[in-house]
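> Structure file structure-v2.txt (compact mmCIF, C-alpha atoms) right here:
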# COMPACT_ATOMS: atom_id res chain seq x y z
CA MET N 180 114.58 72.41 142.72
CA THR N 181 115.38 68.78 141.95
CA THR N 182 115.66 67.80 145.60
CA HIS N 183 112.17 69.14 146.29
CA THR N 184 110.58 67.65 143.14
CA THR N 185 111.78 64.08 143.63
CA PRO N 186 110.02 63.51 147.00
CA ILE N 187 106.80 64.97 145.57
CA LEU N 188 106.93 62.61 142.58
CA HIS N 189 107.64 59.73 144.91
CA MET N 190 104.58 60.60 147.03
CA LEU N 191 102.38 60.91 143.93
CA ASN N 192 103.60 57.55 142.70
CA LYS N 193 102.69 55.97 146.02
CA LEU N 194 99.19 57.43 145.74
CA ILE N 195 98.70 56.49 142.08
CA LYS N 196 99.79 52.85 142.42
CA PRO N 197 96.89 51.85 144.71
CA LEU N 198 94.49 53.69 142.40
CA LYS N 199 95.86 51.78 139.40
CA LEU N 200 95.63 48.54 141.29
CA TYR N 201 92.06 49.36 142.38
CA GLY N 202 91.07 50.22 138.83
CA LEU N 203 92.57 47.02 137.48
CA THR N 204 90.82 45.04 140.21
CA ALA N 205 87.50 46.71 139.38
CA ILE N 206 87.87 45.83 135.71
CA ILE N 207 88.71 42.21 136.54
CA MET N 208 85.71 42.02 138.90
CA CYS N 209 83.39 43.37 136.18
CA VAL N 210 84.66 40.78 133.74
CA LEU N 211 84.19 38.00 136.29
CA ILE N 212 80.67 39.20 137.16
CA ASN N 213 79.68 39.34 133.49
CA ALA N 214 81.14 35.89 132.94
CA ALA N 215 79.22 34.57 135.94
CA ASN N 216 75.97 36.15 134.74
CA ALA N 217 76.38 34.68 131.25
CA GLN N 218 75.05 31.15 130.97
CA ASP N 219 75.64 28.51 128.34
CA ARG N 220 72.68 26.29 127.55
CA THR N 221 72.24 23.61 124.95
CA ILE N 222 68.62 23.38 123.89
CA THR N 223 66.64 21.10 121.60
CA LEU N 224 64.05 22.37 119.15
CA GLN N 225 61.17 20.84 121.11
CA GLU N 226 62.41 22.43 124.36
CA ALA N 227 62.61 25.79 122.61
CA ILE N 228 59.05 25.46 121.28
CA THR N 229 57.71 24.48 124.70
CA LEU N 230 59.45 27.43 126.38
CA GLY N 231 58.23 29.83 123.70
CA ILE N 232 54.62 28.72 124.08
CA ASN N 233 54.67 28.73 127.89
CA THR N 234 56.17 32.21 128.21
CA SER N 235 54.42 33.96 125.30
CA LYS N 236 52.56 37.11 126.31
CA THR N 237 50.64 36.94 123.04
CA LEU N 238 49.20 33.54 123.96
CA LYS N 239 48.26 34.78 127.42
CA TYR N 240 46.36 37.63 125.76
CA SER N 241 44.68 35.12 123.43
CA GLN N 242 43.58 33.05 126.44
CA ALA N 243 42.09 36.18 127.99
CA LYS N 244 40.06 36.72 124.79
CA ILE N 245 38.81 33.12 125.00
CA ASP N 246 37.79 33.65 128.63
CA GLU N 247 35.96 36.81 127.62
CA ALA N 248 34.08 34.97 124.84
CA VAL N 249 33.12 32.16 127.24
CA SER N 250 31.83 34.75 129.70
CA GLN N 251 29.70 36.35 126.98
CA PHE N 252 28.33 32.91 126.07
CA ASN N 253 27.38 32.29 129.71
CA GLN N 254 25.68 35.69 129.82
CA ALA N 255 23.67 34.76 126.73
CA LYS N 256 22.51 31.59 128.49
CA ASP N 257 21.61 33.60 131.58
CA ARG N 258 19.25 35.76 129.52
CA SER N 259 16.92 32.75 129.09
CA LEU N 260 16.47 32.45 132.86
CA PRO N 261 13.50 34.05 134.67
CA THR N 262 13.95 37.58 135.98
CA GLY N 263 12.78 38.58 139.42
CA SER N 264 12.79 41.60 141.68
CA VAL N 265 11.83 42.64 145.18
CA SER N 266 11.17 46.20 146.32
CA ALA N 267 9.92 47.98 149.43
CA THR N 268 8.65 51.56 149.56
CA TYR N 269 7.83 53.79 152.51
CA ASP N 270 5.81 57.01 152.09
CA ARG N 271 4.91 59.55 154.75
CA ALA N 272 2.31 62.24 154.09
CA GLN N 273 1.96 65.52 156.07
CA ILE N 274 -1.50 67.11 155.80
CA PRO N 275 -1.47 70.73 157.10
CA GLU N 276 -5.02 71.44 155.85
CA ASN N 277 -6.78 68.34 157.11
CA VAL N 278 -10.46 69.42 157.36
CA LEU N 279 -12.94 68.86 154.56
CA ARG N 280 -16.36 70.54 154.64
CA PHE N 281 -19.28 69.37 152.52
CA GLY N 282 -22.20 71.62 153.30
CA GLY N 283 -23.00 70.93 156.90
CA GLU N 284 -20.76 67.93 157.12
CA THR N 285 -17.15 68.13 158.24
CA ILE N 286 -14.54 65.43 157.78
CA ALA N 287 -11.35 65.70 159.77
CA LEU N 288 -8.29 63.91 158.38
CA PRO N 289 -5.14 63.07 160.33
CA THR N 290 -2.30 65.57 160.16
CA SER N 291 0.04 62.85 158.92
CA ALA N 292 -0.13 59.32 157.48
CA ASN N 293 2.30 56.46 156.76
CA ALA N 294 2.09 53.99 153.86
CA TYR N 295 4.17 50.89 153.12
CA LEU N 296 4.35 49.09 149.79
CA GLY N 297 6.18 45.84 149.14
CA ILE N 298 6.38 44.11 145.75
CA ALA N 299 7.90 40.77 144.74
CA SER N 300 7.66 39.72 141.09
CA ILE N 301 9.03 37.13 138.70
CA ASN N 302 8.90 37.18 134.88
CA GLU N 303 9.63 34.54 132.27
CA THR N 304 9.71 34.94 128.48
CA ILE N 305 7.91 32.00 126.92
CA TRP N 306 8.36 32.92 123.25
CA ALA N 307 10.32 35.69 121.53
CA GLY N 308 10.86 34.33 118.04
CA ASN N 309 13.83 32.18 119.27
CA LYS N 310 15.94 35.32 119.77
CA LEU N 311 17.44 33.96 122.98
CA ARG N 312 18.41 30.70 121.26
CA TYR N 313 19.99 32.64 118.39
CA ALA N 314 21.94 34.75 120.89
CA ARG N 315 23.35 31.58 122.51
CA GLU N 316 24.26 30.10 119.13
CA SER N 317 25.99 33.31 118.02
CA THR N 318 28.09 33.70 121.18
CA ASN N 319 28.99 29.99 121.09
CA LEU N 320 30.27 30.39 117.53
CA LEU N 321 32.25 33.49 118.52
CA THR N 322 33.82 31.51 121.37
CA GLN N 323 35.01 28.94 118.83
CA VAL N 324 36.40 31.80 116.69
CA ALA N 325 38.37 33.09 119.70
CA LYS N 326 39.84 29.60 120.22
CA LEU N 327 40.87 29.43 116.56
CA ASP N 328 42.55 32.83 116.91
CA ALA N 329 44.49 31.42 119.88
CA ASP N 330 45.51 28.38 117.82
CA LYS N 331 46.69 30.68 115.04
CA ASP N 332 48.73 32.74 117.51
CA LYS N 333 50.21 29.53 118.91
CA ASP N 334 51.26 28.44 115.43
CA GLN N 335 52.86 31.82 114.79
CA ILE N 336 54.78 31.76 118.09
CA THR N 337 55.94 28.22 117.34
CA TYR N 338 57.08 29.21 113.88
CA ASP N 339 58.91 32.29 115.18
CA VAL N 340 60.82 30.08 117.63
CA ILE N 341 61.64 27.53 114.91
CA ASN N 342 62.78 30.30 112.56
CA GLU N 343 65.14 31.85 115.13
CA TYR N 344 66.33 28.39 116.20
CA TYR N 345 67.33 27.46 112.65
CA ASN N 346 68.87 30.89 112.05
CA LEU N 347 71.05 30.40 115.12
CA TYR N 348 71.93 26.89 113.94
CA LYS N 349 72.98 28.26 110.54
CA VAL N 350 75.23 30.87 112.14
CA LEU N 351 76.78 28.41 114.59
CA GLN N 352 77.50 25.91 111.82
CA SER N 353 79.04 28.65 109.70
CA ILE N 354 81.21 29.73 112.64
CA LYS N 355 82.28 26.10 113.12
CA VAL N 356 83.32 25.87 109.47
CA VAL N 357 85.17 29.20 109.76
CA ASN N 358 87.12 27.91 112.76
CA GLN N 359 87.97 24.70 110.94
CA ASN N 360 89.19 26.61 107.92
CA ILE N 361 91.27 29.01 110.02
CA ALA N 362 92.99 26.01 111.58
CA THR N 363 93.64 24.58 108.10
CA VAL N 364 94.96 27.89 106.77
CA ASP N 365 97.21 28.26 109.83
CA ALA N 366 98.74 24.91 108.96
CA GLN N 367 99.21 26.06 105.36
CA ILE N 368 100.81 29.33 106.52
CA HIS N 369 103.20 27.36 108.70
CA GLN N 370 104.06 25.04 105.81
CA SER N 371 104.47 27.84 103.26
CA GLN N 372 106.65 29.77 105.70
CA ARG N 373 108.86 26.70 106.03
CA PHE N 374 109.03 26.38 102.23
CA PHE N 375 109.89 30.07 102.00
CA ASP N 376 112.69 29.63 104.50
CA GLN N 377 113.99 26.79 102.34
CA GLY N 378 113.74 28.96 99.23
CA LEU N 379 111.08 26.74 97.59
CA VAL N 380 108.34 29.41 97.40
CA THR N 381 108.21 33.18 97.28
CA LYS N 382 107.06 35.58 99.97
CA ASN N 383 103.98 36.27 97.85
CA ASP N 384 102.87 32.64 98.36
CA VAL N 385 103.01 33.11 102.13
CA LEU N 386 101.10 36.40 101.90
CA ARG N 387 98.31 34.74 99.88
CA PHE N 388 97.58 32.31 102.69
CA GLN N 389 97.73 35.11 105.24
CA LEU N 390 95.31 37.15 103.15
CA GLN N 391 93.00 34.15 102.90
CA LYS N 392 93.06 33.81 106.69
CA ALA N 393 92.26 37.53 107.11
CA ASN N 394 89.24 37.21 104.81
CA ILE N 395 87.97 34.20 106.71
CA GLN N 396 88.40 36.06 110.01
CA LEU N 397 86.41 39.03 108.65
CA ASN N 398 83.62 36.67 107.72
CA GLY N 399 83.84 35.22 111.22
CA LEU N 400 83.37 38.68 112.76
CA ASP N 401 80.15 39.21 110.78
CA LEU N 402 78.91 35.78 111.78
CA GLU N 403 79.63 36.43 115.46
CA ASN N 404 77.70 39.70 115.30
CA ASN N 405 74.74 37.88 113.72
CA ARG N 406 74.98 35.18 116.37
CA LYS N 407 74.68 37.71 119.18
CA VAL N 408 71.63 39.36 117.61
CA ILE N 409 69.83 36.07 116.92
CA ASN N 410 70.79 34.66 120.33
CA TYR N 411 69.32 37.73 122.05
CA ASN N 412 66.09 37.50 120.04
CA LEU N 413 65.72 33.83 120.90
CA ASP N 414 66.36 34.50 124.59
CA ILE N 415 63.49 37.00 124.57
CA LEU N 416 61.18 34.59 122.72
CA LEU N 417 61.91 31.80 125.20
CA GLY N 418 61.71 33.98 128.31
CA LEU N 419 65.33 33.23 129.23
CA PRO N 420 67.84 35.66 130.79
CA GLU N 421 69.25 37.91 128.08
CA THR N 422 72.80 36.81 128.94
CA THR N 423 72.11 33.14 128.12
CA ASN N 424 74.36 31.85 125.34
CA LEU N 425 72.39 29.21 123.48
CA ASN N 426 73.89 26.19 121.81
CA ILE N 427 71.80 24.23 119.34
CA ASP N 428 71.39 20.52 119.79
CA GLU N 429 71.94 18.42 116.69
CA ILE N 430 69.12 18.90 114.21
CA THR N 431 67.57 15.79 112.70
CA ASP N 432 67.76 15.01 109.01
CA ALA N 433 66.09 17.82 107.10
CA ALA N 434 65.24 15.80 103.99
CA LYS N 435 61.88 14.39 105.08
CA PRO N 436 59.75 12.56 102.48
CA VAL N 437 57.30 14.77 100.62
CA GLY N 438 53.95 13.72 99.16
CA PRO N 439 51.94 15.13 96.25
CA LEU N 440 51.16 18.85 96.27
CA SER N 441 47.41 18.18 96.10
CA ASP N 442 47.54 16.37 99.47
CA TYR N 443 49.04 19.41 101.18
CA ILE N 444 46.51 21.76 99.58
CA ASP N 445 43.57 19.55 100.62
CA THR N 446 44.93 19.40 104.17
CA ALA N 447 45.33 23.19 104.31
CA LEU N 448 41.77 23.82 103.08
CA VAL N 449 40.48 21.73 105.98
CA ALA N 450 42.94 22.58 108.77
CA ARG N 451 43.91 26.24 108.28
CA GLN N 452 42.53 28.34 111.12
CA GLU N 453 41.71 31.28 108.85
CA LEU N 454 39.34 29.19 106.72
CA ARG N 455 37.75 27.50 109.71
CA GLU N 456 37.29 30.90 111.33
CA LEU N 457 35.60 32.32 108.24
CA TYR N 458 33.29 29.30 108.12
CA LEU N 459 32.24 30.05 111.70
CA ARG N 460 31.81 33.74 110.94
CA ASN N 461 29.53 32.79 108.04
CA LYS N 462 27.44 30.79 110.53
CA VAL N 463 27.41 33.82 112.85
CA ALA N 464 26.15 36.02 110.00
CA GLU N 465 23.47 33.45 109.20
CA THR N 466 22.36 33.35 112.83
CA ASN N 467 22.33 37.16 112.92
CA ILE N 468 19.90 37.22 109.98
CA LYS N 469 17.56 34.83 111.81
CA SER N 470 17.78 36.94 114.97
CA ILE N 471 16.87 40.13 113.10
CA LYS N 472 13.94 38.41 111.38
CA ALA N 473 12.76 37.29 114.81
CA ASN N 474 12.02 40.95 115.62
CA GLN N 475 8.84 40.54 113.52
CA SER N 476 7.57 37.79 115.78
CA PRO N 477 5.14 38.38 118.68
CA THR N 478 6.44 37.81 122.20
CA LEU N 479 4.71 35.83 124.89
CA SER N 480 5.69 36.16 128.53
CA ALA N 481 4.33 35.12 131.92
CA SER N 482 4.60 36.93 135.22
CA ALA N 483 3.64 36.53 138.85
CA ALA N 484 3.69 39.22 141.54
CA GLY N 485 2.79 39.65 145.17
CA TYR N 486 2.06 42.98 146.87
CA TYR N 487 1.92 44.13 150.44
CA VAL N 488 0.13 47.44 151.02
CA GLY N 489 0.10 48.68 154.61
CA ILE N 490 -1.42 51.93 155.86
CA ALA N 491 -0.78 51.54 159.56
CA GLY N 492 1.85 53.53 161.43
CA ASN N 493 3.61 50.28 162.31
CA PRO N 494 5.10 48.47 159.31
CA ILE N 495 4.47 45.07 160.94
CA PRO N 496 1.25 43.71 159.34
CA LYS N 497 -1.86 43.78 161.48
CA VAL N 498 -5.25 42.43 160.69
CA GLY N 499 -7.36 44.99 158.92
CA ASN N 500 -4.48 47.44 158.32
CA ASP N 501 -3.00 45.96 155.10
CA ILE N 502 -3.88 44.12 151.89
CA THR N 503 -1.79 41.49 150.05
CA PRO N 504 -2.96 41.08 146.45
CA ILE N 505 -1.25 38.35 144.33
CA THR N 506 -1.32 38.51 140.52
CA ILE N 507 -0.55 35.97 137.82
CA GLY N 508 -0.62 37.05 134.20
CA VAL N 509 0.30 36.27 130.64
CA THR N 510 1.30 38.98 128.18
CA LEU N 511 1.18 38.71 124.39
CA ALA N 512 2.78 41.63 122.56
CA TRP N 513 3.52 42.35 118.93
CA ASP N 514 5.34 45.34 117.52
CA PHE N 515 3.85 45.07 114.03
CA SER N 516 5.75 48.15 112.84
CA SER N 517 8.76 45.80 112.48
CA LEU N 518 7.04 44.43 109.36
CA TRP N 519 8.19 47.53 107.44
CA THR N 520 11.07 48.81 109.61
CA ASN N 521 13.01 45.51 109.79
CA LYS N 522 13.57 44.76 106.11
CA ASN N 523 16.60 47.03 105.69
CA LYS N 524 18.24 45.53 108.77
CA VAL N 525 17.80 42.08 107.22
CA ALA N 526 19.24 43.34 103.93
CA GLU N 527 22.32 44.72 105.71
CA ALA N 528 22.85 41.43 107.54
CA LYS N 529 22.67 39.51 104.24
CA ILE N 530 25.28 41.84 102.70
CA GLN N 531 27.58 41.15 105.67
CA GLN N 532 27.13 37.42 105.10
CA ASP N 533 27.98 37.87 101.41
CA GLU N 534 31.17 39.74 102.41
CA VAL N 535 32.21 36.81 104.60
CA ALA N 536 31.57 34.38 101.74
CA ILE N 537 33.67 36.50 99.34
CA ASN N 538 36.45 36.70 101.91
CA GLN N 539 36.33 32.91 102.20
CA GLY N 540 37.03 32.61 98.48
CA ILE N 541 39.90 35.12 98.61
CA THR N 542 41.48 33.44 101.64
CA SER N 543 41.11 30.01 100.04
CA ASP N 544 43.01 31.19 96.96
CA ASN N 545 45.72 32.75 99.11
CA VAL N 546 46.12 29.52 101.08
CA ARG N 547 46.49 27.52 97.87
CA ASN N 548 49.17 29.91 96.61
CA GLU N 549 51.00 29.87 99.95
CA VAL N 550 51.03 26.07 100.16
CA ASN N 551 52.24 25.75 96.58
CA GLN N 552 55.08 28.24 97.13
CA ASP N 553 56.19 26.62 100.40
CA TYR N 554 55.96 23.17 98.82
CA GLN N 555 58.17 24.19 95.89
CA ASN N 556 60.63 25.88 98.25
CA TYR N 557 60.96 22.71 100.30
CA VAL N 558 61.44 20.49 97.24
CA THR N 559 64.09 22.90 95.95
CA ALA N 560 65.84 22.96 99.34
CA VAL N 561 66.02 19.14 99.44
CA ASN N 562 67.39 19.03 95.89
CA LYS N 563 70.04 21.58 96.85
CA ILE N 564 71.27 19.33 99.63
CA GLN N 565 71.76 16.45 97.20
CA LEU N 566 73.63 18.66 94.73
CA LEU N 567 75.80 20.22 97.43
CA GLN N 568 76.72 16.85 98.86
CA THR N 569 78.04 15.94 95.42
CA SER N 570 79.86 19.26 95.05
CA ILE N 571 81.46 19.00 98.48
CA GLU N 572 82.83 15.57 97.59
CA GLN N 573 84.27 17.01 94.39
CA ALA N 574 85.69 20.04 96.20
CA GLY N 575 87.24 17.77 98.84
CA GLU N 576 88.86 15.57 96.22
CA ASN N 577 90.17 18.60 94.35
CA ASN N 578 91.53 20.05 97.59
CA ASN N 579 93.37 16.83 98.39
CA ILE N 580 94.93 16.73 94.93
CA LEU N 581 96.08 20.37 95.13
CA GLN N 582 97.39 19.85 98.64
CA SER N 583 99.53 16.92 97.44
CA LYS N 584 100.74 18.87 94.41
CA TYR N 585 101.55 21.91 96.52
CA ALA N 586 103.47 19.76 99.02
CA SER N 587 105.46 18.38 96.06
CA ASN N 588 105.99 21.95 94.78
CA ILE N 589 104.04 21.12 91.60
CA ALA N 590 101.05 23.46 92.15
CA SER N 591 101.24 27.15 92.99
CA ALA N 592 100.09 28.75 96.23
CA THR N 593 97.28 30.42 94.27
CA ASP N 594 95.90 27.08 93.10
CA ARG N 595 96.20 25.72 96.63
CA ALA N 596 94.36 28.70 98.13
CA ASP N 597 91.60 28.53 95.50
CA ALA N 598 91.02 24.82 96.21
CA GLU N 599 90.84 25.56 99.92
CA THR N 600 88.36 28.36 99.31
CA LEU N 601 86.14 26.15 97.14
CA LEU N 602 86.00 23.46 99.82
CA TYR N 603 85.36 26.06 102.51
CA GLN N 604 82.49 27.59 100.54
CA ALA N 605 80.99 24.16 99.73
CA GLN N 606 81.01 23.25 103.44
CA ILE N 607 79.23 26.46 104.39
CA ASN N 608 76.68 26.08 101.59
CA LEU N 609 75.86 22.52 102.65
CA GLU N 610 75.24 23.48 106.28
CA LEU N 611 73.09 26.42 105.24
CA ALA N 612 71.15 24.24 102.80
CA LYS N 613 70.41 21.70 105.53
CA ALA N 614 69.09 24.43 107.80
CA ASP N 615 67.09 25.99 104.97
CA ALA N 616 65.51 22.62 104.18
CA GLY N 617 64.57 22.07 107.83
CA LEU N 618 63.01 25.52 108.08
CA ALA N 619 61.25 25.06 104.72
CA TYR N 620 59.70 21.84 106.02
CA TYR N 621 58.25 23.59 109.09
CA THR N 622 57.10 26.47 106.89
CA LEU N 623 55.18 23.95 104.78
CA LEU N 624 53.65 22.45 107.92
CA LYS N 625 52.54 25.92 109.05
CA ALA N 626 50.99 26.59 105.63
CA THR N 627 48.94 23.38 105.90
CA GLY N 628 47.78 24.23 109.45
CA LYS N 629 49.52 21.20 110.95
CA LEU N 630 52.46 22.84 112.74
CA ASN N 631 51.29 22.01 116.28
CA LYS N 632 49.34 18.87 115.39
For this file, write the structure as structure tokens.


Amino acid sequence: MTTHTTPILHMLNKLIKPLKLYGLTAIIMCVLINAANAQDRTITLQEAITLGINTSKTLKYSQAKIDEAVSQFNQAKDRSLPTGSVSATYDRAQIPENVLRFGGETIALPTSANAYLGIASINETIWAGNKLRYARESTNLLTQVAKLDADKDKDQITYDVINEYYNLYKVLQSIKVVNQNIATVDAQIHQSQRFFDQGLVTKNDVLRFQLQKANIQLNGLDLENNRKVINYNLDILLGLPETTNLNIDEITDAAKPVGPLSDYIDTALVARQELRELYLRNKVAETNIKSIKANQSPTLSASAAGYYVGIAGNPIPKVGNDITPITIGVTLAWDFSSLWTNKNKVAEAKIQQDEVAINQGITSDNVRNEVNQDYQNYVTAVNKIQLLQTSIEQAGENNNILQSKYASNIASATDRADAETLLYQAQINLELAKADAGLAYYTLLKATGKLNK
């Protein structure tokens, strides 16, 4: 039994080894392919904004809306041009009963007849209560509204990119601090282990540093997960391959000088797209009222027409077989029933204008509140940086003192670990505060309508 089994196992082993080697090779190839597909790219904030704007599908849709509004404006202008038409008609008549008798007289008609009619006309409205001019004004205003909508979308895209950019910066800075602290704790573990071997500290002291390292590593895992999510979102926003690993270029000083709150509010009331758009919509409503009132006005138009009437069998004109009358006329018309049917339309248009005016007031108040909140957030963020810079100096000094005491076996491992933790937390808080201040500054710019200006 054994003699037969051993060769079989040997044969199976020879078959399995190549399969194992193939599987291992496949795994290695997958790893190498993924590594090759992944790209590292360091990007500045301005580069990110430019990429986000150039690749945004939302902005492409906004441009299509602008093009549509411009087309409607051009159509409104076309309506003031003369209208003209040309037509040609052919009629053939069959006359089965073609004899007419009047007493003793008999008139014989042909059994069939051909008739040709050609008409060319041109018409021009001379006066229609300025309705055509109001139509041009209205569509021109709506074109400007579409452009403001595009500007608002551009600001939002820009802000979304800035927000994700700073979020990624915050995570990367936090990861950097985590790595620095792990290196420091590793050195402390090595030192405490050496003290333990010399009988200067207890095993519990060594375990405290190891526990501290484990907690820092757990925090690092959460940060790495957040980095991947934010990195992916930013890749999508910028139109980059989803495997691109982004590195943030150094961000400039976040603490930019800030002026009085009233200056920012005044700027927002002038520059915010929402308020400018409502102003234009108020003008549209005003123009709409004028256009409806124009329905009560008479209309005056001029026309010219030429006719060709041929009764010969051959459509080519021959002398005596056709007539060519030419007409020129002026028409004055007035639908006086609009005097009593138009008033409710005017009333509705005035109500719509009042709604726009009320919305202007509501939006203005909301803008003031938004600017005030973003202003206070930025001031607070800048003050936090100043306080944290002081606290990090204090934490660093305290850490140095405890490190010296611990090296001299004066301080306990607990005190040493707590000092390290305080410094670690102060470093993280400072980096986050800098990023928060930078983002708060751009948020304030967006609130004032000056983000892309």

> With distances taken over only C-alpha atoms, which residue among N:Ala616, N:Gly575, N:Leu288, N:Ala586 lies nearest Asn562 of chain N?

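Checking each candidate against Asn562 of chain N, we get N:Ala616 as the closest.
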
> May I have the residues within 12 Å of Asn404 of chain N as an MDAnalysis selection string, using only C-alpha atoms and disregarding those fewer than 6 positions away in the same chain?

chainID N and resid 347 350:351 354 397:398 410:411

> Can you list, as a list in words, every protein, DNA or RNA residue that comes within 9 Å of Leu623 of chain N when you count all atoms listed in the file, leaving out same-chain residues fewer than 4 positions away?

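The neighbour list is Tyr443, Glu549, Val550, Asn551, Gln552, Asp553, Tyr554, Asn556, Tyr557, Leu618, Ala619, Thr627, Gly628, Lys629 and Leu630 of chain N.
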
> Can I get the selection written as a compact mmCIF listing (two decimals), in the frame of the given file, with C-alpha atoms?


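Now in selection-v5.txt:
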# COMPACT_ATOMS: atom_id res chain seq x y z
CA TYR N 443 49.04 19.41 101.18
CA GLU N 549 51.00 29.87 99.95
CA VAL N 550 51.03 26.07 100.16
CA ASN N 551 52.24 25.75 96.58
CA GLN N 552 55.08 28.24 97.13
CA ASP N 553 56.19 26.62 100.40
CA TYR N 554 55.96 23.17 98.82
CA ASN N 556 60.63 25.88 98.25
CA TYR N 557 60.96 22.71 100.30
CA LEU N 618 63.01 25.52 108.08
CA ALA N 619 61.25 25.06 104.72
CA THR N 627 48.94 23.38 105.90
CA GLY N 628 47.78 24.23 109.45
CA LYS N 629 49.52 21.20 110.95
CA LEU N 630 52.46 22.84 112.74

> In Å, how far is it from atom CA of Asn346 of chain N to atom CA of Asn405 of chain N?

9.3 Å

> Provide the atom CA of Gln377 of chain N to atom CA of Ser587 of chain N distance in Å, to one decimal place.

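Answer for the atom CA of Gln377 of chain N to atom CA of Ser587 of chain N separation: 13.5 Å.
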
> Please determine, counting all atoms listed in the file, which residue among N:Ala292, N:Ile505, N:Ile415, N:Leu224 has the shortest atom-to-atom distance to Pro275 of chain N.

N:Ala292

> With only C-alpha atoms as the basis for distance, which of N:Ala248, N:Ile232, N:Ile430, N:Leu296 is at the shortest distance from Asp334 of chain N?

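Going through N:Ala248, N:Ile232, N:Ile430, N:Leu296 one by one, the smallest distance to Asp334 of chain N is for N:Ile232.
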